[in-house]
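Okay, query22.csv now, which holds CSV, C-alpha atoms and all ligand atoms:
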```
chain,number,residue,atom,x,y,z
A,1287,MET,CA,130.4,151.4,105.4
A,1288,GLN,CA,133.6,153.1,104.4
A,1289,TRP,CA,136.8,151.1,104.8
A,1290,THR,CA,140.5,152.0,104.7
A,1291,GLU,CA,143.0,149.9,102.8
A,1292,ILE,CA,146.6,149.9,104.1
A,1293,ALA,CA,149.2,148.4,101.7
A,1294,VAL,CA,152.7,147.6,102.9
A,1295,THR,CA,155.3,147.1,100.2
A,1296,THR,CA,157.9,144.6,101.4
A,1297,THR,CA,159.8,141.4,100.4
A,1298,ASN,CA,158.9,137.7,100.3
A,1299,GLU,CA,160.7,136.9,103.5
A,1300,ALA,CA,158.7,139.6,105.5
A,1301,VAL,CA,155.2,139.0,104.3
A,1302,GLU,CA,154.1,136.8,107.1
A,1303,ALA,CA,155.5,139.1,109.8
A,1304,VAL,CA,154.0,142.1,108.1
A,1305,SER,CA,150.7,140.3,107.8
A,1306,ASN,CA,150.8,139.6,111.6
A,1307,ILE,CA,151.4,143.3,112.3
A,1308,LEU,CA,148.5,144.3,110.2
A,1309,MET,CA,146.2,141.7,111.8
A,1310,GLU,CA,147.4,142.7,115.3
A,1311,ALA,CA,146.5,146.3,114.4
A,1312,GLY,CA,142.9,145.1,114.0
A,1313,ALA,CA,142.6,144.2,110.3
A,1314,THR,CA,139.6,142.2,109.2
A,1315,GLY,CA,141.8,140.4,106.7
A,1316,THR,CA,145.1,140.6,104.8
A,1317,LYS,CA,145.8,139.8,101.2
A,1318,ILE,CA,149.4,138.9,100.0
A,1319,ASP,CA,150.6,139.5,96.5
A,1320,ASP,CA,154.0,137.9,96.3
A,1321,ALA,CA,156.1,137.8,93.2
A,1322,ALA,CA,158.2,134.9,94.7
A,1323,ASP,CA,155.1,132.8,95.3
A,1324,PHE,CA,154.1,133.3,91.7
A,1325,ALA,CA,157.5,132.4,90.4
A,1326,ALA,CA,157.6,129.2,92.6
A,1327,LEU,CA,154.1,128.1,91.5
A,1328,GLN,CA,154.3,124.4,90.8
A,1329,PRO,CA,151.8,121.7,90.0
A,1330,THR,CA,150.8,120.2,93.4
A,1331,PHE,CA,150.4,116.7,91.9
A,1332,PRO,CA,151.6,115.0,88.8
A,1333,GLY,CA,149.7,115.9,85.7
A,1334,GLU,CA,148.0,119.1,87.1
A,1335,LEU,CA,147.6,121.7,84.4
A,1336,LEU,CA,148.8,125.1,85.6
A,1337,ASP,CA,147.6,128.2,83.7
A,1338,LYS,CA,149.9,130.8,85.2
A,1339,SER,CA,148.4,133.5,83.1
A,1340,SER,CA,145.1,133.1,85.1
A,1341,VAL,CA,146.8,133.9,88.4
A,1342,PRO,CA,146.9,137.6,89.4
A,1343,HIS,CA,150.4,138.4,90.7
A,1344,GLN,CA,152.9,141.0,91.8
A,1345,GLU,CA,155.8,141.6,89.3
A,1346,SER,CA,158.5,142.1,92.0
A,1347,GLY,CA,158.7,142.0,95.8
A,1348,ALA,CA,155.5,141.6,97.7
A,1349,VAL,CA,152.6,143.8,98.9
A,1350,VAL,CA,150.5,142.9,102.0
A,1351,THR,CA,147.2,144.7,102.0
A,1352,ALA,CA,144.8,144.9,104.9
A,1353,TYR,CA,141.4,146.5,105.4
A,1354,TYR,CA,140.2,148.5,108.4
A,1355,PRO,CA,136.6,149.7,109.2
A,1356,ALA,CA,135.9,153.4,109.6
A,1357,THR,CA,135.7,153.0,113.4
A,1358,VAL,CA,139.5,152.5,113.5
A,1359,ALA,CA,141.7,155.7,114.0
A,1360,ILE,CA,143.9,155.3,110.9
A,1361,THR,CA,146.0,158.4,111.5
A,1362,GLU,CA,147.2,156.8,114.8
A,1363,LEU,CA,147.5,153.3,113.3
A,1364,VAL,CA,149.8,154.2,110.3
A,1365,PRO,CA,152.8,155.5,112.3
A,1366,ASP,CA,152.5,152.5,114.6
A,1367,ILE,CA,152.4,150.0,111.7
A,1368,THR,CA,155.3,151.9,110.0
A,1369,GLN,CA,157.4,151.7,113.2
A,1370,ARG,CA,156.6,148.0,113.7
A,1371,VAL,CA,157.4,147.1,110.1
A,1372,GLN,CA,160.8,148.9,110.5
A,1373,MET,CA,161.5,147.0,113.7
A,1374,LEU,CA,161.3,143.7,111.8
A,1375,THR,CA,164.9,144.4,110.5
A,1376,GLN,CA,166.0,143.8,114.1
A,1377,PHE,CA,164.9,140.1,113.6
A,1378,GLY,CA,167.1,140.0,110.5
A,1379,LEU,CA,164.2,140.3,108.1
A,1380,ASN,CA,164.6,142.2,104.8
A,1381,ILE,CA,161.6,144.5,104.7
A,1382,GLY,CA,162.3,146.0,101.3
A,1383,SER,CA,161.0,149.6,101.0
A,1384,GLY,CA,158.6,149.0,104.0
A,1385,ALA,CA,156.4,151.8,102.5
A,1386,VAL,CA,152.9,152.0,104.1
A,1387,LEU,CA,150.2,153.5,101.9
A,1388,THR,CA,146.5,154.1,102.7
A,1389,LYS,CA,143.5,154.6,100.5
A,1390,PRO,CA,139.7,154.7,101.2
A,1391,VAL,CA,137.6,151.9,99.8
A,1392,ALA,CA,133.9,151.2,99.8
A,1393,GLU,CA,132.7,148.0,101.4
A,1394,THR,CA,131.3,146.7,98.2
A,1395,ASP,CA,134.7,147.2,96.4
A,1396,TRP,CA,136.5,145.4,99.3
A,1397,ALA,CA,134.1,142.4,99.1
A,1398,THR,CA,134.4,142.3,95.4
A,1399,ALA,CA,138.2,142.4,95.6
A,1400,TRP,CA,138.3,139.4,97.8
A,1401,LYS,CA,135.9,137.5,95.6
A,1402,LYS,CA,137.9,138.2,92.5
A,1403,TYR,CA,141.1,137.1,94.1
A,1404,TYR,CA,140.1,133.8,95.8
A,1405,HIS,CA,138.9,130.7,94.0
A,1406,PRO,CA,139.1,127.1,94.9
A,1407,VAL,CA,142.7,125.9,95.0
A,1408,ARG,CA,143.9,122.3,95.3
A,1409,VAL,CA,146.8,123.0,97.7
A,1410,THR,CA,148.0,119.4,98.2
A,1411,ARG,CA,147.2,116.0,96.7
A,1412,TYR,CA,144.0,115.7,98.7
A,1413,LEU,CA,143.2,119.1,100.1
A,1414,THR,CA,141.4,121.9,98.3
A,1415,VAL,CA,140.7,125.3,99.9
A,1416,VAL,CA,137.3,126.6,98.9
A,1417,PRO,CA,136.2,130.3,99.6
A,1418,SER,CA,132.9,130.2,101.5
A,1419,TRP,CA,131.0,131.9,98.7
A,1420,GLU,CA,131.9,129.4,96.0
A,1421,ASP,CA,129.7,126.4,95.2
A,1422,TYR,CA,132.3,123.8,94.6
A,1423,GLN,CA,132.0,120.0,94.4
A,1424,PRO,CA,135.0,117.6,94.7
A,1425,THR,CA,136.3,116.4,91.4
A,1426,ASP,CA,137.1,112.9,92.8
A,1427,ASP,CA,136.5,110.8,95.9
A,1428,ALA,CA,139.9,111.6,97.3
A,1429,GLU,CA,139.5,115.4,97.3
A,1430,LYS,CA,138.7,116.9,100.7
A,1431,LEU,CA,137.4,120.5,101.0
A,1432,LEU,CA,138.5,123.2,103.5
A,1433,VAL,CA,135.8,125.9,103.3
A,1434,LEU,CA,137.1,129.2,104.5
A,1435,ASP,CA,136.2,132.8,104.6
A,1436,PRO,CA,139.6,134.2,103.9
A,1437,GLY,CA,138.8,137.7,104.9
A,1438,MET,CA,139.0,137.0,108.6
A,1439,ALA,CA,142.4,135.8,109.6
A,1440,PHE,CA,145.8,134.5,108.3
A,1441,GLY,CA,145.5,131.1,106.7
A,1442,THR,CA,143.9,131.0,103.3
A,1443,GLY,CA,145.7,127.7,102.7
A,1444,THR,CA,147.6,129.0,99.7
A,1445,HIS,CA,150.5,130.8,101.5
A,1446,PRO,CA,153.5,128.5,101.2
A,1447,THR,CA,153.9,128.3,105.0
A,1448,THR,CA,150.3,127.0,105.4
A,1449,ALA,CA,150.6,124.7,102.3
A,1450,LEU,CA,153.7,123.1,103.9
A,1451,MET,CA,151.8,122.2,107.0
A,1452,LEU,CA,148.8,120.9,105.0
A,1453,GLN,CA,151.3,118.7,103.2
A,1454,ALA,CA,152.9,117.6,106.5
A,1455,LEU,CA,149.5,116.8,108.0
A,1456,GLU,CA,148.7,114.8,104.9
A,1457,MET,CA,151.9,112.8,105.4
A,1458,THR,CA,151.4,112.1,109.1
A,1459,VAL,CA,147.7,111.9,110.1
A,1460,ARG,CA,146.6,108.3,109.9
A,1461,GLY,CA,143.3,108.6,111.8
A,1462,GLY,CA,142.3,109.2,115.4
A,1463,GLU,CA,145.2,111.4,116.6
A,1464,THR,CA,144.8,114.0,119.2
A,1465,ILE,CA,146.3,117.3,117.8
A,1466,LEU,CA,147.3,120.7,119.2
A,1467,ASP,CA,147.1,123.5,116.6
A,1468,VAL,CA,149.2,126.4,117.9
A,1469,GLY,CA,148.6,129.8,116.2
A,1470,THR,CA,145.5,128.5,114.4
A,1471,GLY,CA,144.7,131.8,112.6
A,1472,SER,CA,141.8,130.9,110.3
A,1473,GLY,CA,141.6,127.4,111.7
A,1474,VAL,CA,142.7,126.0,108.3
A,1475,LEU,CA,145.1,123.3,109.7
A,1476,SER,CA,142.5,122.1,112.2
A,1477,ILE,CA,139.9,121.7,109.5
A,1478,ALA,CA,142.5,119.9,107.3
A,1479,ALA,CA,143.4,117.6,110.1
A,1480,LYS,CA,139.8,116.7,110.7
A,1481,GLN,CA,139.3,116.0,107.0
A,1482,LEU,CA,142.3,113.7,107.2
A,1483,GLY,CA,140.7,111.7,110.0
A,1484,ALA,CA,142.2,113.2,113.2
A,1485,GLY,CA,140.5,112.7,116.5
A,1486,ASP,CA,140.3,115.5,119.2
A,1487,ILE,CA,141.8,118.8,118.2
A,1488,TYR,CA,142.7,121.7,120.4
A,1489,ALA,CA,143.4,125.0,118.6
A,1490,TYR,CA,144.9,128.1,120.2
A,1491,ASP,CA,145.7,131.6,119.1
A,1492,VAL,CA,147.0,134.6,121.0
A,1493,ASP,CA,144.8,136.9,119.0
A,1494,GLN,CA,141.1,137.0,119.9
A,1495,ILE,CA,140.2,138.1,116.3
A,1496,ALA,CA,141.8,134.9,115.0
A,1497,VAL,CA,140.0,132.8,117.7
A,1498,ASP,CA,136.7,134.2,116.5
A,1499,ALA,CA,137.6,133.8,112.9
A,1500,ALA,CA,138.6,130.1,113.5
A,1501,LYS,CA,135.3,129.4,115.2
A,1502,ALA,CA,133.4,131.0,112.3
A,1503,ASN,CA,135.4,128.9,109.8
A,1504,LEU,CA,135.0,125.7,111.8
A,1505,ASP,CA,131.2,126.3,111.6
A,1506,LEU,CA,131.5,126.3,107.8
A,1507,ASN,CA,133.0,122.8,108.0
A,1508,PRO,CA,130.6,120.4,109.8
A,1509,ILE,CA,133.4,117.8,110.1
A,1510,ALA,CA,135.4,120.3,112.3
A,1511,LYS,CA,132.6,121.5,114.5
A,1512,ASP,CA,134.0,119.7,117.6
A,1513,VAL,CA,137.4,121.3,117.4
A,1514,HIS,CA,138.1,123.2,120.7
A,1515,VAL,CA,139.4,126.7,120.1
A,1516,ALA,CA,140.7,129.1,122.8
A,1517,PRO,CA,142.8,132.1,123.2
A,1518,ASN,CA,146.3,131.2,124.5
A,1519,ASP,CA,149.9,132.4,124.3
A,1520,LEU,CA,151.6,129.4,122.6
A,1521,LEU,CA,151.2,126.4,124.9
A,1522,LYS,CA,151.7,128.3,128.2
A,1523,GLY,CA,149.6,126.6,130.9
A,1524,ILE,CA,148.3,123.8,128.6
A,1525,ASN,CA,148.7,120.3,129.9
A,1526,GLN,CA,146.6,118.5,127.2
A,1527,SER,CA,148.9,115.8,125.7
A,1528,ALA,CA,148.8,115.2,121.9
A,1529,ASP,CA,150.1,112.8,119.3
A,1530,ILE,CA,150.8,115.6,116.9
A,1531,ILE,CA,151.5,119.3,117.6
A,1532,VAL,CA,151.4,121.6,114.5
A,1533,ALA,CA,152.5,125.3,114.4
A,1534,ASN,CA,152.9,127.7,111.5
A,1535,ILE,CA,154.4,130.7,113.3
A,1536,LEU,CA,157.4,133.0,112.8
A,1537,ALA,CA,160.7,131.3,113.6
A,1538,GLU,CA,161.4,133.6,116.5
A,1539,ILE,CA,158.1,132.5,118.1
A,1540,LEU,CA,158.8,128.8,117.3
A,1541,VAL,CA,162.0,129.0,119.5
A,1542,PRO,CA,160.2,129.3,122.8
A,1543,LEU,CA,157.4,126.9,121.6
A,1544,ILE,CA,159.8,124.0,121.0
A,1545,PRO,CA,160.5,123.2,124.7
A,1546,GLN,CA,156.8,123.7,125.5
A,1547,THR,CA,155.8,120.9,123.1
A,1548,TRP,CA,158.2,118.3,124.5
A,1549,PRO,CA,156.4,117.3,127.7
A,1550,LEU,CA,153.0,117.1,125.9
A,1551,LEU,CA,154.2,114.6,123.3
A,1552,PRO,CA,154.5,110.8,123.9
A,1553,GLU,CA,157.3,108.8,122.5
A,1554,HIS,CA,157.1,108.9,118.7
A,1555,GLY,CA,154.8,112.0,119.0
A,1556,LEU,CA,155.3,114.5,116.2
A,1557,PHE,CA,155.9,118.3,116.1
A,1558,LEU,CA,155.2,119.8,112.7
A,1559,SER,CA,156.6,123.4,112.3
A,1560,SER,CA,156.4,126.0,109.5
A,1561,GLY,CA,156.8,129.7,109.1
A,1562,ILE,CA,160.6,129.2,108.7
A,1563,ILE,CA,162.3,131.3,106.1
A,1564,ALA,CA,165.5,129.8,104.6
A,1565,ASP,CA,167.9,131.9,106.8
A,1566,LYS,CA,166.1,130.7,110.0
A,1567,TYR,CA,166.1,127.0,109.2
A,1568,PRO,CA,169.4,126.2,111.1
A,1569,LEU,CA,168.0,128.1,114.2
A,1570,ILE,CA,164.9,125.9,114.3
A,1571,ARG,CA,166.7,122.7,113.4
A,1572,ASP,CA,169.3,123.3,116.1
A,1573,ASN,CA,166.7,124.1,118.7
A,1574,LEU,CA,164.7,121.0,117.9
A,1575,VAL,CA,167.8,118.7,118.1
A,1576,LYS,CA,168.9,120.4,121.3
A,1577,THR,CA,165.5,119.7,122.9
A,1578,GLY,CA,165.8,116.0,121.9
A,1579,PHE,CA,163.8,115.9,118.7
A,1580,LYS,CA,164.8,113.8,115.7
A,1581,ILE,CA,164.2,115.5,112.3
A,1582,ILE,CA,162.2,113.1,110.2
A,1583,GLN,CA,161.7,115.2,107.1
A,1584,THR,CA,162.3,118.8,105.9
A,1585,LEU,CA,159.8,120.2,103.4
A,1586,LYS,CA,160.4,123.2,101.2
A,1587,ARG,CA,158.3,125.6,99.1
A,1588,GLY,CA,160.1,128.6,97.6
A,1589,ASP,CA,162.2,130.1,100.4
A,1590,TRP,CA,160.0,128.6,103.1
A,1591,TYR,CA,160.8,125.4,105.1
A,1592,GLY,CA,158.6,123.1,107.1
A,1593,ILE,CA,159.9,120.4,109.5
A,1594,ILE,CA,158.5,117.1,110.6
A,1595,ALA,CA,160.2,116.3,113.9
A,1596,GLU,CA,159.7,113.2,116.2
A,1597,LYS,CA,160.2,112.7,119.9
A,1598,PRO,CA,162.2,109.5,119.8
A,1599,GLY,CA,161.2,106.4,121.7
A,1600,ALA,CA,163.4,104.6,124.3
A,1601,ASP,CA,164.1,102.0,121.6
A,1602,ASP,CA,165.6,104.6,119.2
A,1701,LIG,C1,151.2,132.5,110.1
A,1701,LIG,S1,149.7,132.5,111.0
A,1701,LIG,C2,149.2,130.8,110.8
A,1701,LIG,C3,147.7,130.6,110.6
A,1701,LIG,C4,147.4,129.1,110.3
A,1701,LIG,N1,147.7,128.2,111.3
A,1701,LIG,C5,148.0,128.7,109.0
A,1701,LIG,O1,148.8,127.8,109.0
A,1701,LIG,O2,147.8,129.3,107.9
A,1701,LIG,C6,150.3,132.6,112.6
A,1701,LIG,C7,149.2,132.7,113.7
A,1701,LIG,O3,149.9,132.6,115.0
A,1701,LIG,C8,149.3,133.4,115.8
A,1701,LIG,N2,150.3,133.7,116.9
A,1701,LIG,C9,151.3,134.6,116.9
A,1701,LIG,N3,152.0,134.5,118.1
A,1701,LIG,C10,151.3,133.7,118.9
A,1701,LIG,C11,151.5,133.2,120.2
A,1701,LIG,N4,152.5,133.7,121.0
A,1701,LIG,N5,150.6,132.3,120.7
A,1701,LIG,C12,149.6,131.8,119.9
A,1701,LIG,N6,149.4,132.2,118.7
A,1701,LIG,C13,150.2,133.1,118.1
A,1701,LIG,C14,148.9,134.6,115.0
A,1701,LIG,O4,147.9,135.4,115.6
A,1701,LIG,C15,148.5,134.0,113.7
A,1701,LIG,O5,147.1,133.7,113.7
```

Show this structure as structure tokens.
Ligand SMILES: C[S@@+](CC[C@H](N)C(=O)[O-])C[C@H]1O[C@@H](n2cnc3c(N)ncnc32)[C@H](O)[C@@H]1O
Amino acid sequence: MQWTEIAVTTTNEAVEAVSNILMEAGATGTKIDDAADFAALQPTFPGELLDKSSVPHQESGAVVTAYYPATVAITELVPDITQRVQMLTQFGLNIGSGAVLTKPVAETDWATAWKKYYHPVRVTRYLTVVPSWEDYQPTDDAEKLLVLDPGMAFGTGTHPTTALMLQALEMTVRGGETILDVGTGSGVLSIAAKQLGAGDIYAYDVDQIAVDAAKANLDLNPIAKDVHVAPNDLLKGINQSADIIVANILAEILVPLIPQTWPLLPEHGLFLSSGIIADKYPLIRDNLVKTGFKIIQTLKRGDWYGIIAEKPGADD
């Protein structure tokens, strides 16, 4: 089948929002080449050897690339994507040039491009993301694998916003917790939480394509087969309580989510949030504190922040 590649040239702070626009426009996957991610590349654990020359990267700014099947009307899609990218400036995001370029690609080229780009990556101390086509064995007993088909939805595990939540889950999941994963995308955080010993997990996404992608990825990870996935707008209408709620979504979308999390958490329940670009950190921190949360820890990768917040107990 013939596919069309749409590439949007932008900046580090807008990659997640641009990726969302491309996915909402029906992309089967997005690829992010971000100069800032490359510059910020650090060993994830002491002693890790990092060969930067082996990592393909963007020299400056960022390019978000998405692929659409021939069945999609590209001539109608491009003006819509262009307009939505321009509108991101209204949220205070620097979109850079915002240029939207298209080019036809054959399916075989597309598949090969993914496979060339994604290899197993140990994202945190214990968690390694493994593309579904790689035959990879853990190098030690502590290493847990998250098997993903990255072509399907946001959440390859390597984007800093996802990595921050993987790190936060690693720091907070002790075993047996009930977890709500809001904006599950590829399902990566639910799979990680299961690998870390979580109990029941309920994952939601507003995008049906992400819901289907998450289900397919959960099927690739036997440990996560019992994760419940459903379409939902944030936590609207959900009354399932949880020990931990995790969300990696744009800051503007986190704002209405924060008060929705509060009644679902017990005393000492945790809300882990990511998708927060540096400029938006005060907005999220202030909304958390206003709702009653205590900030336990702030995590940072490059320009991105993650927050571990706790609903205090009566004894606090
Ligand atoms: C940045 S991706 C995060 C994916 C994955 N959880 C990760 O950490 O890599 C954000 C996800 O939130 C979803 N999303 C955006 N707005 C939402 C909403 N109002 N309700 C539920 N999900 C939403 C998007 O469809 C997307 O899959």

- Query: Taking only C-alpha atoms and all ligand atoms into account, which of A:Ile1381, A:Leu1551, A:Leu1434, A:Met1309 comes nearest ligand LIG 1701 (chain A)?
  - Reply: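 Ranked by minimum distance to ligand LIG 1701 (chain A), first place goes to A:Met1309.
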
- Query: Taking all atoms listed in the file into account, which of A:Asp1529, A:Asp1493, A:Asp1572, A:Asp1320 comes nearest ligand LIG 1701 (chain A)?
  - Reply: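 Of all the options, A:Asp1493 lies closest to ligand LIG 1701 (chain A).
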
- Using only C-alpha atoms, which residues sit within 10 Å of Asp1366 of chain A once same-chain residues fewer than 6 positions away are excluded, as a PyMOL selection string? chain A and resi 1307+1311+1360+1372

Wanna dump the chain A-ligand LIG 1701 (chain A) contacts at 7 Å for me, each residue with its shortest atom pair and the distance in Å to one decimal, counting only C-alpha atoms and all ligand atoms, ordered by chain and number, as CSV?
```
residue,atom,partner,partner_atom,distance
A:Glu1302,CA,A:LIG1701,C1,6.0
A:Asn1306,CA,A:LIG1701,C14,6.3
A:Ala1439,CA,A:LIG1701,O5,6.6
A:Phe1440,CA,A:LIG1701,C3,4.9
A:Gly1441,CA,A:LIG1701,O2,3.2
A:Thr1442,CA,A:LIG1701,O2,6.3
A:Gly1443,CA,A:LIG1701,O2,5.8
A:Thr1447,CA,A:LIG1701,O1,6.5
A:Thr1448,CA,A:LIG1701,O1,4.0
A:Met1451,CA,A:LIG1701,O1,6.7
A:Val1468,CA,A:LIG1701,C12,5.8
A:Gly1469,CA,A:LIG1701,O3,3.3
A:Thr1470,CA,A:LIG1701,N1,3.8
A:Gly1471,CA,A:LIG1701,O5,3.3
A:Ser1472,CA,A:LIG1701,C4,5.9
A:Gly1473,CA,A:LIG1701,N1,6.2
A:Val1474,CA,A:LIG1701,C4,6.0
A:Leu1475,CA,A:LIG1701,N1,5.8
A:Tyr1490,CA,A:LIG1701,C12,6.0
A:Asp1491,CA,A:LIG1701,N6,3.8
A:Val1492,CA,A:LIG1701,C12,4.0
A:Asp1493,CA,A:LIG1701,O4,4.8
A:Ala1496,CA,A:LIG1701,O5,5.6
A:Asn1518,CA,A:LIG1701,C12,5.7
A:Asp1519,CA,A:LIG1701,N5,3.7
A:Leu1520,CA,A:LIG1701,N5,3.6
A:Ala1533,CA,A:LIG1701,N1,6.4
A:Asn1534,CA,A:LIG1701,O1,4.8
A:Ile1535,CA,A:LIG1701,C6,4.6
A:Leu1536,CA,A:LIG1701,C1,6.8
A:Ile1539,CA,A:LIG1701,N3,6.4
A:Gly1561,CA,A:LIG1701,C1,6.3
```

- Query: Just how far from atom CA of Leu1379 of chain A is atom CA of Ile1563 of chain A, in Å to one decimal?
  - Reply: 9.4 Å

- So how many Å separate atom CA of Val1391 of chain A and atom CA of Gly1312 of chain A, to one decimal? 16.6 Å

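Of the residues listed (A:Glu1420, A:Gln1376, A:Gly1588, A:Val1513), A:Gly1588 shows the shortest atom-to-atom separation from Ala1321 of chain A; distances use only C-alpha atoms.
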
- Task: For Ile1367 of chain A, work out the shell of residues within 12 Å, counting all atoms listed in the file and skipping chain neighbours fewer than 5 positions away, then give it as a PyMOL selection string.
- Result: chain A and resi 1292-1294+1303-1313+1352+1360-1362+1372-1374+1384-1388

- Message: Could you list, as a list in words, every residue within 7 Å of Val1433 of chain A, counting all atoms listed in the file and ignoring same-chain residues fewer than 5 positions away?
- Response: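 The filter keeps Val1415, Val1416, Pro1417, Ser1418, Leu1506 and Asn1507 of chain A.
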
- May I ask for the distance between atom CA of Thr1458 of chain A and atom CA of Pro1598 of chain A, given in Å to one decimal place?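 Computing it gives 15.4 Å between the two atoms.
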
- Task: Please provide as a list in words all residues within 7 Å of Pro1390 of chain A, with the sequence filter that same-chain residues fewer than 4 positions apart are discarded (counting all atoms listed in the file).
- Result: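 Returned residues: Trp1289, Thr1290 and Glu1291 of chain A.
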
- Task: Check the smallest atom-to-atom distance from each of A:Asn1573, A:Thr1464, A:Gln1494, A:Gln1583 to Ile1531 of chain A using all atoms listed in the file, then report the winner.
- Result: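 Of A:Asn1573, A:Thr1464, A:Gln1494, A:Gln1583, the one nearest Ile1531 of chain A, counting all atoms listed in the file, is A:Thr1464.
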